[in-house]
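Next comes query_19.cif, with mmCIF, C-alpha atoms and all ligand atoms.
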data_entry
#
loop_
_atom_site.label_atom_id
_atom_site.label_comp_id
_atom_site.auth_asym_id
_atom_site.auth_seq_id
_atom_site.Cartn_x
_atom_site.Cartn_y
_atom_site.Cartn_z
CA MET A 189 139.15 -33.12 -216.38
CA PRO A 190 140.72 -29.64 -216.72
CA GLY A 191 138.33 -26.74 -217.36
CA ALA A 192 139.81 -26.06 -220.79
CA VAL A 193 138.74 -29.52 -221.98
CA LEU A 194 135.25 -29.01 -220.57
CA GLU A 195 134.92 -25.71 -222.47
CA ASP A 196 135.58 -27.56 -225.74
CA ILE A 197 132.61 -29.90 -225.34
CA ASP A 198 129.81 -29.47 -227.86
CA LEU A 199 126.91 -29.32 -225.38
CA ALA A 200 124.23 -29.51 -228.07
CA ALA A 201 125.69 -32.83 -229.24
CA LEU A 202 125.54 -34.45 -225.79
CA ARG A 203 123.19 -37.42 -225.53
CA ILE A 204 122.30 -39.90 -222.80
CA ILE A 205 124.31 -43.04 -223.51
CA HIS A 206 123.08 -46.55 -222.87
CA SER A 207 124.51 -49.70 -221.33
CA PRO A 208 126.77 -51.51 -222.30
CA ASP A 209 128.64 -48.39 -223.46
CA PRO A 210 132.00 -48.75 -221.64
CA ARG A 211 131.99 -45.05 -220.70
CA LEU A 212 129.29 -45.91 -218.14
CA ALA A 213 131.73 -48.20 -216.36
CA ALA A 214 134.59 -45.67 -216.13
CA PRO A 215 135.03 -44.08 -212.70
CA ALA A 216 134.67 -40.29 -212.81
CA GLN A 217 137.44 -37.84 -211.86
CA PRO A 218 136.96 -34.93 -209.44
CA LEU A 219 136.41 -31.45 -210.86
CA GLU A 220 139.05 -28.95 -209.79
CA ARG A 221 136.80 -25.91 -209.88
CA VAL A 222 133.28 -24.77 -210.69
CA ASP A 223 133.25 -22.23 -213.50
CA ASP A 224 130.87 -21.15 -216.26
CA SER A 225 131.68 -24.23 -218.36
CA VAL A 226 130.45 -26.41 -215.48
CA ARG A 227 127.31 -24.29 -215.10
CA ARG A 228 126.57 -24.60 -218.83
CA LEU A 229 127.11 -28.36 -218.69
CA ALA A 230 124.70 -28.65 -215.73
CA ASP A 231 122.06 -26.64 -217.64
CA ARG A 232 122.38 -28.98 -220.62
CA MET A 233 122.17 -32.04 -218.37
CA PHE A 234 118.97 -30.74 -216.76
CA GLU A 235 117.54 -30.31 -220.26
CA LEU A 236 118.42 -33.91 -221.24
CA MET A 237 117.11 -35.23 -217.90
CA ALA A 238 113.79 -33.40 -218.27
CA GLN A 239 113.33 -34.62 -221.87
CA ALA A 240 113.81 -38.18 -220.62
CA HIS A 241 111.55 -37.63 -217.55
CA GLY A 242 114.32 -38.56 -215.12
CA VAL A 243 114.96 -37.42 -211.54
CA GLY A 244 118.76 -37.63 -211.76
CA LEU A 245 121.52 -37.66 -214.36
CA ALA A 246 125.23 -38.25 -213.84
CA ALA A 247 127.95 -36.84 -216.11
CA THR A 248 129.08 -40.38 -216.96
CA GLN A 249 125.64 -40.88 -218.54
CA VAL A 250 126.47 -38.25 -221.15
CA GLY A 251 129.91 -39.79 -221.66
CA LEU A 252 131.89 -37.43 -219.40
CA ALA A 253 134.07 -38.99 -216.69
CA ILE A 254 133.71 -36.15 -214.20
CA GLN A 255 132.29 -36.11 -210.67
CA LEU A 256 129.05 -34.26 -211.25
CA PHE A 257 125.38 -35.12 -211.20
CA VAL A 258 122.17 -33.12 -211.48
CA ALA A 259 118.92 -34.10 -209.81
CA THR A 260 115.48 -33.10 -208.61
CA PRO A 261 115.72 -35.19 -205.44
CA SER A 262 112.39 -34.03 -203.99
CA GLY A 263 110.69 -35.26 -207.18
CA GLU A 264 109.58 -31.67 -207.85
CA PRO A 265 110.75 -30.67 -211.40
CA THR A 266 111.59 -27.09 -210.36
CA ASP A 267 113.75 -28.25 -207.43
CA ARG A 268 116.95 -28.47 -209.50
CA ARG A 269 120.15 -29.29 -207.67
CA VAL A 270 123.73 -29.82 -208.82
CA TYR A 271 126.28 -31.94 -206.97
CA VAL A 272 129.97 -31.56 -207.85
CA ASN A 273 132.48 -34.00 -206.28
CA PRO A 274 129.71 -35.62 -204.18
CA GLN A 275 130.46 -37.92 -201.27
CA LEU A 276 128.04 -39.91 -199.14
CA VAL A 277 129.04 -39.10 -195.58
CA SER A 278 126.49 -41.09 -193.56
CA MET A 279 123.91 -43.76 -194.26
CA ASP A 280 121.17 -45.24 -192.11
CA GLY A 281 118.33 -47.77 -192.40
CA ARG A 282 117.53 -50.04 -195.33
CA ALA A 283 114.82 -49.95 -197.99
CA GLU A 284 114.13 -51.93 -201.16
CA GLU A 285 112.33 -50.18 -204.03
CA GLU A 286 111.97 -50.57 -207.78
CA GLU A 287 114.45 -48.48 -209.76
CA GLY A 288 115.00 -47.63 -213.37
CA CYS A 289 117.83 -45.80 -215.12
CA LEU A 290 117.93 -43.55 -218.19
CA SER A 291 121.02 -45.46 -219.35
CA VAL A 292 119.31 -48.83 -218.97
CA PRO A 293 116.02 -48.24 -220.81
CA GLY A 294 113.33 -50.88 -220.58
CA ILE A 295 114.63 -52.40 -217.35
CA THR A 296 113.49 -51.93 -213.77
CA CYS A 297 114.50 -53.94 -210.75
CA ASN A 298 114.32 -53.87 -207.00
CA VAL A 299 117.44 -52.39 -205.45
CA LYS A 300 118.31 -52.42 -201.76
CA ARG A 301 119.58 -49.02 -200.63
CA TYR A 302 120.07 -47.04 -197.46
CA LYS A 303 116.86 -45.28 -196.42
CA GLU A 304 118.50 -42.10 -195.16
CA VAL A 305 121.70 -40.64 -196.58
CA THR A 306 123.70 -37.49 -195.97
CA ILE A 307 125.60 -36.20 -198.99
CA ARG A 308 128.36 -33.60 -199.14
CA ALA A 309 129.15 -31.86 -202.41
CA THR A 310 130.14 -28.57 -204.01
CA GLY A 311 127.34 -26.52 -205.56
CA LEU A 312 127.38 -24.34 -208.70
CA ASP A 313 128.33 -21.36 -206.49
CA GLY A 314 131.57 -23.18 -205.63
CA GLN A 315 130.50 -23.61 -202.00
CA GLU A 316 130.51 -26.93 -200.23
CA PHE A 317 127.15 -28.00 -198.82
CA GLN A 318 125.66 -30.97 -197.05
CA GLU A 319 122.10 -32.26 -197.05
CA THR A 320 120.24 -35.28 -195.76
CA GLY A 321 117.70 -37.11 -197.88
CA VAL A 322 115.18 -39.80 -197.01
CA ASP A 323 113.51 -42.33 -199.34
CA LEU A 324 113.49 -40.93 -202.93
CA ALA A 325 116.21 -38.33 -202.29
CA ALA A 326 118.44 -40.90 -200.54
CA ARG A 327 117.88 -43.32 -203.42
CA VAL A 328 118.80 -40.65 -206.00
CA TYR A 329 122.04 -39.80 -204.12
CA GLN A 330 123.04 -43.46 -204.05
CA HIS A 331 122.02 -44.21 -207.66
CA GLU A 332 123.92 -41.19 -209.01
CA THR A 333 127.07 -41.68 -206.91
CA ASP A 334 127.00 -45.30 -208.13
CA HIS A 335 127.12 -43.92 -211.69
CA LEU A 336 130.17 -41.80 -210.82
CA ALA A 337 131.87 -44.97 -209.55
CA GLY A 338 131.06 -46.71 -212.85
CA MET A 339 128.23 -48.81 -211.40
CA LEU A 340 124.73 -49.38 -212.83
CA ILE A 341 121.54 -50.98 -211.47
CA LEU A 342 122.54 -53.97 -213.63
CA ASP A 343 125.51 -54.44 -211.30
CA ARG A 344 123.19 -54.39 -208.27
CA MET A 345 120.70 -56.83 -209.77
CA GLY A 346 120.26 -60.27 -208.28
CA THR A 347 120.29 -63.45 -210.35
CA VAL A 348 116.48 -63.67 -210.46
CA ALA A 349 116.07 -60.09 -211.71
CA ARG A 350 118.82 -60.65 -214.26
CA LEU A 351 116.98 -63.70 -215.57
CA ALA A 352 113.64 -61.85 -215.61
CA ASN A 353 115.23 -59.02 -217.64
CA ARG A 354 117.44 -61.17 -219.86
CA ARG A 355 115.57 -60.26 -223.05
CA ALA A 356 115.78 -56.51 -222.38
CA ILE A 357 119.47 -56.85 -221.47
CA ARG A 358 120.14 -58.70 -224.71
CA GLU A 359 118.27 -56.02 -226.69
CA LEU A 360 120.45 -53.33 -225.09
CA GLU A 361 123.59 -55.26 -226.04
CA GLU A 362 122.37 -55.71 -229.63
CA GLY A 363 121.40 -52.04 -229.85
CA PHE A 364 124.85 -50.98 -228.69
CA ALA A 365 126.56 -53.37 -231.13
CA GLU A 366 124.49 -51.79 -233.93
CA GLY A 367 125.52 -48.30 -232.79
CA LYS A 368 122.05 -47.17 -231.64
ZN ZN B 1 120.96 -44.23 -213.75
#

Kindly present the structure from the file in structure tokens form.
Ligand SMILES: [Zn+2]
Amino acid sequence: MPGAVLEDIDLAALRIIHSPDPRLAAPAQPLERVDDSVRRLADRMFELMAQAHGVGLAATQVGLAIQLFVATPSGEPTDRRVYVNPQLVSMDGRAEEEEGCLSVPGITCNVKRYKEVTIRATGLDGQEFQETGVDLAARVYQHETDHLAGMLILDRMGTVARLANRRAIRELEEGFAEGK
């Protein structure tokens, strides 16, 4: 998405969208540069994430198909980090934990992830950085990069979890059909 288009976005009007909104399934495009419009978008996303008590929020979750997510991967609300054009560069170990998603309200399920992940991204200063996260941080990196590839926890759910959550899934579908 060119910067000019990003500058035209009404940040105050951005909302967290819910499954099955098709914008959640669209793969995100890389950002060409980090400028003030990106910094303003990240600020707004942190605001929406905090209001919803989340630890991560991808741009696709506010309807923007760009490679950016914000997170507090240590679980500490003041530890705000922004990842532009993120890539997972190494993964190790396995762990299964319960996960939820701000775009899939009312549903949690166990998701198998890598236990330790190294991510490379560009920060809001335009500099590339790399960091390694374990447990929660590694899970956040994987959950959010899944979003940027158009994938939700619903896509990682097994048959049993899907059955257990079938009512909540149906309610989401009905809510979307009614424009909620
Ligand atoms: Zn999510």

In terms of only C-alpha atoms and all ligand atoms, the residue from A:Asp343, A:Glu304, A:Glu235, A:Glu359 at minimal distance from ligand ZN 1 (chain B) is A:Asp343

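For ligand ZN 1 (chain B), the neighbouring polymer residues at 8 Å or closer are Gly244, Leu245, Ala246, Gln249, Gly288, Cys289, Leu290, Ser291, Val292, His331, Glu332, His335, Leu340 and Ile341 of chain A, all atoms listed in the file being used.
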
Across A:Cys297, A:Ala247, A:Ala309, A:Leu276, the smallest distance to Thr347 of chain A, with only C-alpha atoms counted, is shown by A:Cys297

Gly242 of chain A surroundings by all atoms listed in the file, 12 Å radius, close-in-sequence under 5 positions cut, as a PDB file with C-alpha atoms, in the coordinates of the input:
ATOM      1  CA  ILE A 204     122.300 -39.900-222.800  1.00  0.00           C
ATOM      2  CA  MET A 233     122.170 -32.040-218.370  1.00  0.00           C
ATOM      3  CA  PHE A 234     118.970 -30.740-216.760  1.00  0.00           C
ATOM      4  CA  GLU A 235     117.540 -30.310-220.260  1.00  0.00           C
ATOM      5  CA  LEU A 236     118.420 -33.910-221.240  1.00  0.00           C
ATOM      6  CA  MET A 237     117.110 -35.230-217.900  1.00  0.00           C
ATOM      7  CA  VAL A 258     122.170 -33.120-211.480  1.00  0.00           C
ATOM      8  CA  ALA A 259     118.920 -34.100-209.810  1.00  0.00           C
ATOM      9  CA  THR A 260     115.480 -33.100-208.610  1.00  0.00           C
ATOM     10  CA  PRO A 261     115.720 -35.190-205.440  1.00  0.00           C
ATOM     11  CA  GLY A 263     110.690 -35.260-207.180  1.00  0.00           C
ATOM     12  CA  GLU A 264     109.580 -31.670-207.850  1.00  0.00           C
ATOM     13  CA  PRO A 265     110.750 -30.670-211.400  1.00  0.00           C
ATOM     14  CA  ARG A 268     116.950 -28.470-209.500  1.00  0.00           C
ATOM     15  CA  GLU A 287     114.450 -48.480-209.760  1.00  0.00           C
ATOM     16  CA  GLY A 288     115.000 -47.630-213.370  1.00  0.00           C
ATOM     17  CA  CYS A 289     117.830 -45.800-215.120  1.00  0.00           C
ATOM     18  CA  LEU A 290     117.930 -43.550-218.190  1.00  0.00           C
ATOM     19  CA  SER A 291     121.020 -45.460-219.350  1.00  0.00           C
ATOM     20  CA  PRO A 293     116.020 -48.240-220.810  1.00  0.00           C
ATOM     21  CA  VAL A 328     118.800 -40.650-206.000  1.00  0.00           C
ATOM     22  CA  GLU A 332     123.920 -41.190-209.010  1.00  0.00           C
TER      23      GLU A 332
END

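Between atom CA of Ala337 of chain A and atom CA of Ala325 of chain A lies a distance of 18.5 Å.
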
Give the centre and edge lengths of an axis-aligned box, in Å to one decimal, that holds all listed atoms of segment 197-200 of chain A with 5 Å on each side, as lines of an AutoDock Vina configuration file.
center_x = 128.4
center_y = -29.6
center_z = -226.7
size_x = 18.4
size_y = 10.6
size_z = 12.7

With segment 219-225 of chain A as the partner and 10 Å as the cut-off, tabulate the residues of segment 247-311 of chain A that qualify, each row holding the nearest pair of atoms and their distance in Å to one decimal, using all atoms listed in the file, sorted by chain and rising number, as CSV.
residue,atom,partner,partner_atom,distance
A:Ala253,CA,A:Leu219,CA,9.8
A:Ile254,CA,A:Leu219,CA,6.4
A:Gln255,CA,A:Leu219,CA,6.2
A:Leu256,CA,A:Leu219,CA,7.9
A:Val272,CA,A:Leu219,CA,7.1
A:Asn273,CA,A:Leu219,CA,6.6
A:Thr310,CA,A:Val222,CA,8.3
A:Gly311,CA,A:Val222,CA,8.0

Write a file of the selected residues as a tab-separated table (two decimals), keeping the file's coordinate frame, keeping C-alpha atoms.
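The result, stored in out25.tsv:
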chain	number	residue	atom	x	y	z
A	253	ALA	CA	134.07	-38.99	-216.69
A	254	ILE	CA	133.71	-36.15	-214.20
A	255	GLN	CA	132.29	-36.11	-210.67
A	256	LEU	CA	129.05	-34.26	-211.25
A	272	VAL	CA	129.97	-31.56	-207.85
A	273	ASN	CA	132.48	-34.00	-206.28
A	310	THR	CA	130.14	-28.57	-204.01
A	311	GLY	CA	127.34	-26.52	-205.56

Among A:Pro274, A:Gly281, A:Gly321, A:Pro215, Thr248 of chain A is approached most closely, using all atoms listed in the file, by A:Pro215

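Atom to atom, atom CA of Ser207 of chain A and atom CA of Phe364 of chain A stand 7.5 Å apart.
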
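Atom to atom, atom CA of Thr296 of chain A and atom CA of Gly338 of chain A stand 18.4 Å apart.
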